[in-house]
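Peer 1: There's a structure below that I have some questions on.
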Amino acid sequence: MATEHRIIYKHIDLEGWNASIDKYISDGGYSILADTVKRDRAELCAEMEKSKLKGRGGAGFPTGMKWKFLDRKSGKPIYLVCNADESEPGTCKDRLLIYQDPHSIIEGIMCTAYAINAAQAFIYIRGEYINGYRILVNAIEEAKAKGFVGDKICGSDYSCQITVCRGAGCYVCGEETGLISSLAGGRAYPRIKPPYFPAVMGLYDCPTVVNNVETLCWVPKVFKLGGENVSKIGCPLDPGTHVWGVSGQVQKPGRYEIETGSCTLGELLYDLCGGPLAGRRFKAIIPGGSSMKILRWDEKFSIKQPNGTMIERKVEDIPLDSASFMQVGTAIGSCGIIVMDNTVDMPEALANLSAFYAHESCGQCTPCREGTMWMSRITRRICEGGGRLEDVDLLKNVADNICGRTICALGEGAAWPVQSNVSKFRDEYERKIAAQLSQGGLGRADNNAYRLI
Amino acid sequence: MENQKVKVNINGADYEVAAGLNILEACKSLGIEIPFFCYHPSLKVAGSCRMCLVQMGTPARDRATGAPILDENGVQKIAWMPKPVISCGTKVSEGMHILTDSEYVADCRRAVLEFLLLNHPLDCPICDKAGECKLQEYTHAYGRQTSRYVEEKNIKRKKRPLGTKIMVDAERCIQCSRCIRFCKEFIGKSILGFTKRGSKVEIGFYDNADNDSNYLLNVVDGCPVGALTETAFRFKMRTWFLKTTESICGESSAGVNTRVWSRGGKIYRITPRQNPFVNDMFMSDSGRYTFKKYEQRRLDHATIDASPCQTEYAVSRASEILKLGGVAIVANGWQSVEEMYLLGELAKACGAKIYMASHPQPDDGKLVSAEGAPNIRGALITGIISEYPKPNLGDLERQIQGGGVKTILCFGEDLAVLGLQHLLKGVNVIYCGALENDTSAEAKICLPLYSEFEKDGLWVNRQFRIQRFKKAVDAPKAAVNDIDFIAGLLRDATGESFKIPSVGALRAVIASKNEILKDCASVPSSGLVLDGSKFSAIEFPEAAAINFAGATSSKAGE
């Protein structure tokens with residue numbers, strides 16, 4: 001039986017809990033920050049590296065490494081940016097932290113800021129979290145009044161302000177270099193690497209660390225427990241917990257914080273989420289926000305074990321950690337599981353996703369700008385009754401032509417769903433298009449097709 | 001750093017290229033073409049068109065120890081990048097392997113071109129850029145022959161005038177952002193910019209904003225497609241009908257390198273010609289229209305006392321008048337070095353003094369200098385003047401008032417404007433030049449000469465760089481070549497019977513006689529810096545030229 005292990009989500013939906021600083025302090029809040037500012041910075045960064053904690057924003061880059069890459073010799077100020085632009089479809093883990101436990105984020109930011117010796121910290125929050133913005137601003141004021149943010153933190157000689165900045169409703173701002181461009185006042189264009197590695201040429205061309213909300217919430221835990229101990233929580237390759245946001249067609253959608261590798265996908269969906277809706281069957285899941293490759297529920301994988309033997313693994317038996325998902329050709333991304341059951345029409349689901357990426361492509365580089373639009377128009381046409389049999393291969397080829405050839409990861413994010421969807425559910429596309437053609441083809445809508453975005 | 005070389009392997013062959021170059025420039029220096037749209041050597045790298053993708057690998061090293069990883073033959077393995085890289089934004093490094101001719105790279109290019117053409121209107125038959133359009137060229141070279149796109153195309157704004165000089169067609173734009181970067185980095189203003197997102201991204205500008213700059217037309221040269229076209233040149237002529245001639249801009253002593261586009265004796269446009277030491281790839285808008293004045297005020301027949309006459313007759317009359325003595329010569333800063341040399345000889349032969357005026361103008365700190373005449377330094381070097389000329393002819397005025405001058409042989413200058421209008425009645429004025437003005441109208445003898453577009457010559461710019469301009473179009477029938485004219489006068493004045501020299505022969509003579517100009521017979525197309533140390537005491541009015549060559553190399557080092 002799967003169980004939750006709440007570390008980051010300790011206070012979420014807790015009876016009698018609210019976002020005030022008094023509540024937070026009453027549960028031992030800010031004590032870690034008070035200890036942290038007395039410690040040696042190099043030692044703190046070493047703890048982070050020892051923890052082997054991976055970033056929780058989606059790419060899964062080790063946080064300790066990210067801090068280590070910072071250009072500390074340039075003499076330029078170092079900036080810390082908290083990426084609260086949570087906009088991956090299916091992901092809503094940071095939202096609850098912002099709304100219910102803002103002080104845990106602020107403590108995380110201040111601990112990190114001290115450890116990397118940041119001159120200024122920013123929180124870049126997605127524009128749609130209007131109340132979240134107010135809550136954060138209010139929480140920062142509260143923390144400032146108590147000396148946890150601002151000048152001479154906790155009586156030390158370290159000072160750092162936090163500025164909250166709202167996005168303007170743009171998905172690509174979740175990409176760290178796009179976020180940096182937007183934060184500096186420009187169009188949210190992701191930047192080319194080289195030379196714009198954030199650790200060297202980030203915000204205002206100064207060294208910058210961009211960390212996700214959940215990652216920053218981990219920082220005080222690492223500083224308190226020690227990197228060694230944190231690395232022992234869960235799976236060694238991906239220590240800690242993940243907050244899985246399950247949405248779609250399950251009995252109990254919601255957020256579940258689970259120690260990595262402690263349970264399987266099937267246990268999460270059946271035990272914690274209550275299984276499929278009455279009378280339905282699971283058909284597919286997208287494991288980590290819409291950008292990741294889709295998994296057919298009846299897929300089977302041959303996995304090579306460390307001892308060299310091969311085992312067969314069903315989708316429901318995949319353990320919930322990043323390495324296991326990599327083995328089956330997808331990734332956990334931001335842990336937002338989208339569940340689809342047998343009532344879902346896959347071409348329509350894909351049309352929905354493709355419309356999203358076409359709408360959110362920033363328009364900077366050619367393959368993504370034009371390719372996402374093309375894929376969206378093809379999938380929409382298929383949904384509206386105008387499919388052609390060659391569209392299936394065309395879609396796949398367009399996605400292949402985007403993948404790996406763009407400035408930022410939005411290209412992959414848009415291409416992976418199409419590549420995996422089209423190849424894994426090819427029969428469904430062909431059936432749908434054949435049915436349309438049998439009725440006279442173009443213009444004959446055969447189902448409840450609707451205009452998406 | 002300058003002379004450092006790195007070894008790279010491109011398409012299986014080993015080469016040595018300069019360190020610090022990006023892959024695109026390195027390949028270009030070896031004659032290997034990599035197609036690109038958004039890259040511009042003088043602007044920051046955007047890396048957005050993805051046309052220049054290549055496969056790249058570096059010698060493999062063990063992550064932990066840093067030791068080279070060898071294959072079974074003991075040769076270091078190449079760690080190929082999993083994704084293609086942009087060659088404009090990736091610098092070459094020792095041992096780097098690059099593939100530009102693989103099937104995968106061809107596929108990348110084909111895909112990018114297909115993407116670019118999805119929403120492109122494909123209106124080449126009515127597009128003014130056709131013939132010099134990068135999208136057109138690359139599609140023929142690297143694209144696929146048919147379209148797989150059956151959806152509707154995006155509709156964007158067409159035919160929007162940007163100021164008076166440019167027409168903007170947003171549908172043709174491929175979002176390379178060169179124009180945006182040029183305005184930001186060179187003009188220093190944000191004039192153009194993108195609006196909207198994704199495939200709907202549209203090039204735009206603020207209506208009624210301060211959208212004017214004397215350098216705006218460079219965005220038309222930079223535009224790889226027909227999104228930005230020059231209003232003045234639009235629909236005037238297909239570019240493939242035009243002949244190009246290397247020339248130098250006569251707008252100022254900056255000596256901007258240009259290309260003159262002409263057909264049938266008519267100039268259609270002037271565009272900048274790349275010279276990293278002078279103007280890089282840019283020029284001022286005003287300089288592009290210097291040919292217009294010859295369309296409006298061309299002197300095309302000789303006159304004596306305002307009555308038209310045969311040129312030969314006017315020339316011989318001029319020669320006779322000069323023999324009477326009391327001659328003052330007014331030269332100008334648009335004359336070539338060769339003409340100035342001959343003029344010096346003529347002055348010696350007639351015992352005349354040469355006067356010159358400068359043409360001060362505001363220095364814009366870029367490519368229009370404070371001196372409107374392009375060849376004042378040429379006059380100093382040839383020795384026809386010994387100090388920097390004043391903006392008027394005060395010295396000549398005193399000479400006329402003193403009664404020492406009976407005849408003024410004036411080349412192109414408007415004496416009326418230069419403060420001599422009240423004295424012209426008392427002397428014989430022989431005016432020779434390419435343009436009409438008040439002096440030409442009142443001159444005793446008026447002779448049409450060649451303009452800078454109708455002859456070959458050398459000018460020395462503000463950097464003491466001697467540069468060559470070439471004949472682009474034929475002069476009017478009645479006009480006489482400057483060199484022939486001056487040499488003819490010289491022959492009459494000295495009584496010697498020498499053959500009128502060609503420009504080449506004249507340059508050889510000058511080279512043998514003038515130490516500073518010793519290499520003037522073989523000036524390369526990018527010009528040649530002369531030794532100006534002899535004139536270091538002179539206070540020149542121009543600001544220092546922009547060091548594009550330095551700027552480019554530091555950019556490459558970024």
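Each chain of the structure tokens is named A, B, ... in the order shown, its residues numbered from 1; ligands are numbered from 1 in display order.
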Please find the residues of chain B near chain A - the criterion being any atom within 6 Å, counting only C-alpha atoms - and write them as a PyMOL selection string.

Peer 2: chain B and resi 48-49+83+115+197-199+201

Peer 1: Give me the residues within 10 Å of Glu387 of chain B as JSON, numbers by chain, counting only C-alpha atoms and dropping any in the same chain fewer than 2 places off.

Peer 2: {"B": [356, 376, 377, 379, 380, 383, 384, 385, 389, 390, 535, 537, 538, 539]}

Peer 1: Neighbouring residues of Asp169 of chain B were defined as those with any atom within 10 Å, considering only C-alpha atoms; residues of the same chain fewer than 5 positions away were excluded. Please report them as a PDB file with N, CA, C and O atoms, in the first residue's frame.

Peer 2:
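See selection.pdb below for the written result:
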ATOM      1  N   LYS B 156      -0.658  38.743 -42.619  1.00  0.00           N
ATOM      2  CA  LYS B 156      -0.027  39.809 -41.840  1.00  0.00           C
ATOM      3  C   LYS B 156      -0.116  41.113 -42.623  1.00  0.00           C
ATOM      4  O   LYS B 156      -0.511  41.125 -43.782  1.00  0.00           O
ATOM      5  N   ARG B 157       0.333  42.183 -41.988  1.00  0.00           N
ATOM      6  CA  ARG B 157       0.237  43.486 -42.638  1.00  0.00           C
ATOM      7  C   ARG B 157       1.260  43.635 -43.757  1.00  0.00           C
ATOM      8  O   ARG B 157       2.408  43.251 -43.604  1.00  0.00           O
ATOM      9  N   LYS B 158       0.819  44.182 -44.853  1.00  0.00           N
ATOM     10  CA  LYS B 158       1.695  44.385 -46.004  1.00  0.00           C
ATOM     11  C   LYS B 158       1.769  45.867 -46.338  1.00  0.00           C
ATOM     12  O   LYS B 158       0.889  46.623 -46.001  1.00  0.00           O
ATOM     13  N   LYS B 159       2.831  46.253 -47.032  1.00  0.00           N
ATOM     14  CA  LYS B 159       2.944  47.584 -47.613  1.00  0.00           C
ATOM     15  C   LYS B 159       2.719  48.688 -46.595  1.00  0.00           C
ATOM     16  O   LYS B 159       1.862  49.533 -46.754  1.00  0.00           O
ATOM     17  N   ARG B 160       3.433  48.600 -45.476  1.00  0.00           N
ATOM     18  CA  ARG B 160       3.362  49.689 -44.491  1.00  0.00           C
ATOM     19  C   ARG B 160       4.606  50.534 -44.674  1.00  0.00           C
ATOM     20  O   ARG B 160       5.719  50.018 -44.591  1.00  0.00           O
ATOM     21  N   PRO B 161       4.447  51.837 -44.919  1.00  0.00           N
ATOM     22  CA  PRO B 161       5.653  52.660 -45.048  1.00  0.00           C
ATOM     23  C   PRO B 161       6.281  52.951 -43.691  1.00  0.00           C
ATOM     24  O   PRO B 161       5.591  53.356 -42.754  1.00  0.00           O
ATOM     25  N   GLU B 202       5.220  39.273 -35.785  1.00  0.00           N
ATOM     26  CA  GLU B 202       5.154  40.195 -36.901  1.00  0.00           C
ATOM     27  C   GLU B 202       6.161  41.311 -36.683  1.00  0.00           C
ATOM     28  O   GLU B 202       6.274  41.845 -35.587  1.00  0.00           O
ATOM     29  N   ILE B 203       6.882  41.635 -37.744  1.00  0.00           N
ATOM     30  CA  ILE B 203       7.817  42.754 -37.645  1.00  0.00           C
ATOM     31  C   ILE B 203       6.990  44.041 -37.682  1.00  0.00           C
ATOM     32  O   ILE B 203       6.047  44.159 -38.451  1.00  0.00           O
ATOM     33  N   GLY B 204       7.338  44.972 -36.804  1.00  0.00           N
ATOM     34  CA  GLY B 204       6.532  46.181 -36.746  1.00  0.00           C
ATOM     35  C   GLY B 204       7.311  47.355 -36.209  1.00  0.00           C
ATOM     36  O   GLY B 204       8.501  47.247 -35.903  1.00  0.00           O
ATOM     37  N   VAL B 225      15.375  38.900 -46.996  1.00  0.00           N
ATOM     38  CA  VAL B 225      14.214  38.664 -47.858  1.00  0.00           C
ATOM     39  C   VAL B 225      13.609  40.003 -48.261  1.00  0.00           C
ATOM     40  O   VAL B 225      14.199  41.049 -48.022  1.00  0.00           O
ATOM     41  N   GLY B 226      12.440  39.979 -48.834  1.00  0.00           N
ATOM     42  CA  GLY B 226      11.832  41.210 -49.339  1.00  0.00           C
ATOM     43  C   GLY B 226      10.925  41.903 -48.347  1.00  0.00           C
ATOM     44  O   GLY B 226      10.020  42.634 -48.738  1.00  0.00           O
ATOM     45  N   ALA B 227      11.158  41.700 -47.052  1.00  0.00           N
ATOM     46  CA  ALA B 227      10.282  42.320 -46.059  1.00  0.00           C
ATOM     47  C   ALA B 227      10.514  43.819 -45.975  1.00  0.00           C
ATOM     48  O   ALA B 227       9.590  44.593 -45.751  1.00  0.00           O
ATOM     49  N   LEU B 228      11.767  44.245 -46.135  1.00  0.00           N
ATOM     50  CA  LEU B 228      12.088  45.667 -46.095  1.00  0.00           C
ATOM     51  C   LEU B 228      12.634  46.050 -47.464  1.00  0.00           C
ATOM     52  O   LEU B 228      13.652  45.516 -47.895  1.00  0.00           O
ATOM     53  N   THR B 229      11.956  46.926 -48.153  1.00  0.00           N
ATOM     54  CA  THR B 229      12.451  47.361 -49.460  1.00  0.00           C
ATOM     55  C   THR B 229      12.554  48.872 -49.465  1.00  0.00           C
ATOM     56  O   THR B 229      11.818  49.565 -48.759  1.00  0.00           O
TER      57      THR B 229
END

Peer 1: Hey, which of B:Pro35, B:Pro121, B:Gly265, B:Gly488 ends up closest to Gly143 of chain B? Count only C-alpha atoms.

Peer 2: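 Nearest candidate to Gly143 of chain B out of B:Pro35, B:Pro121, B:Gly265, B:Gly488: B:Pro35.
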
Peer 1: Compile the contact shell of segment 84-94 of chain B as an MDAnalysis selection string: residues with an atom at most 6 Å away, counting only C-alpha atoms, same-chain residues fewer than 4 positions apart removed.

Peer 2: chainID B and resid 6:7 21:24 52:55

Peer 1: Just the residues within 8 Å of Phe411 of chain B, please, counting only C-alpha atoms, with nothing from its chain fewer than 4 positions along; format it as a PDB file with N, CA, C and O atoms, in the first residue's frame.

Peer 2:
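Output (out23.pdb):
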ATOM      1  N   ILE B 329      44.159  79.190 -59.791  1.00  0.00           N
ATOM      2  CA  ILE B 329      43.410  77.939 -59.976  1.00  0.00           C
ATOM      3  C   ILE B 329      42.653  77.622 -58.691  1.00  0.00           C
ATOM      4  O   ILE B 329      43.221  77.662 -57.602  1.00  0.00           O
ATOM      5  N   VAL B 330      41.362  77.337 -58.830  1.00  0.00           N
ATOM      6  CA  VAL B 330      40.576  76.895 -57.676  1.00  0.00           C
ATOM      7  C   VAL B 330      40.305  75.401 -57.855  1.00  0.00           C
ATOM      8  O   VAL B 330      39.542  75.003 -58.746  1.00  0.00           O
ATOM      9  N   ALA B 331      40.975  74.606 -57.049  1.00  0.00           N
ATOM     10  CA  ALA B 331      40.752  73.154 -57.114  1.00  0.00           C
ATOM     11  C   ALA B 331      39.637  72.786 -56.140  1.00  0.00           C
ATOM     12  O   ALA B 331      39.182  73.627 -55.359  1.00  0.00           O
ATOM     13  N   ASN B 332      39.204  71.530 -56.185  1.00  0.00           N
ATOM     14  CA  ASN B 332      38.219  71.127 -55.181  1.00  0.00           C
ATOM     15  C   ASN B 332      38.535  69.741 -54.657  1.00  0.00           C
ATOM     16  O   ASN B 332      39.294  68.974 -55.255  1.00  0.00           O
ATOM     17  N   TYR B 431      35.069  78.085 -65.871  1.00  0.00           N
ATOM     18  CA  TYR B 431      34.484  77.100 -64.963  1.00  0.00           C
ATOM     19  C   TYR B 431      34.495  75.732 -65.624  1.00  0.00           C
ATOM     20  O   TYR B 431      34.034  75.580 -66.759  1.00  0.00           O
ATOM     21  N   CYS B 432      35.026  74.742 -64.939  1.00  0.00           N
ATOM     22  CA  CYS B 432      34.946  73.388 -65.466  1.00  0.00           C
ATOM     23  C   CYS B 432      34.523  72.460 -64.354  1.00  0.00           C
ATOM     24  O   CYS B 432      35.079  72.483 -63.257  1.00  0.00           O
ATOM     25  N   GLY B 433      33.516  71.672 -64.632  1.00  0.00           N
ATOM     26  CA  GLY B 433      32.997  70.771 -63.608  1.00  0.00           C
ATOM     27  C   GLY B 433      31.838  69.980 -64.161  1.00  0.00           C
ATOM     28  O   GLY B 433      31.443  70.141 -65.318  1.00  0.00           O
TER      29      GLY B 433
END

Peer 1: List as a PyMOL selection string the protein and nucleic acid residues near segment 289-305 of chain B, meaning an atom at most 10 Å away when only C-alpha atoms are counted, but skip any in the same chain fewer than 6 places from it.

Peer 2: chain B and resi 232+249-251+260+266-271+311-315+317-318+430-437+440-453+475-480

Peer 1: If you run DSSP over the backbone, which residues in segment 252-350 of chain A end up strand (DSSP E)? Put them as a list in words.

Peer 2: Gly254, Arg255, Tyr256, Glu257, Ile258, Glu259, Phe282, Lys283, Ala284, Ile285, Ile286, Leu295, Arg296, Lys300, Phe301, Ser302, Ile303, Lys304, Met310, Ile311, Glu312, Arg313, Lys314, Gly336, Ile337, Ile338, Val339, Met340 and Asp341 of chain A

Peer 1: Have a look at atom CA of Asp285 of chain B and atom CA of Arg181 of chain B and let me know their distance in Å, one decimal.

Peer 2: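 Atom-to-atom, atom CA of Asp285 of chain B to atom CA of Arg181 of chain B, that is 17.9 Å.
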
Peer 1: List every residue of segment 344-446 of chain A that DSSP, applied to the backbone of this structure, assigns to helix (DSSP H, G or I), and report them as number ranges by chain.

Peer 2: A: 346-360, 366-383, 391-402, 410-424, 426-438

Peer 1: Mind checking which residues fall within 8 Å of Thr239 of chain B, counting only C-alpha atoms, ignoring those fewer than 4 positions away in the same chain, and posting them as a PyMOL selection string?

Peer 2: chain B and resi 129-132
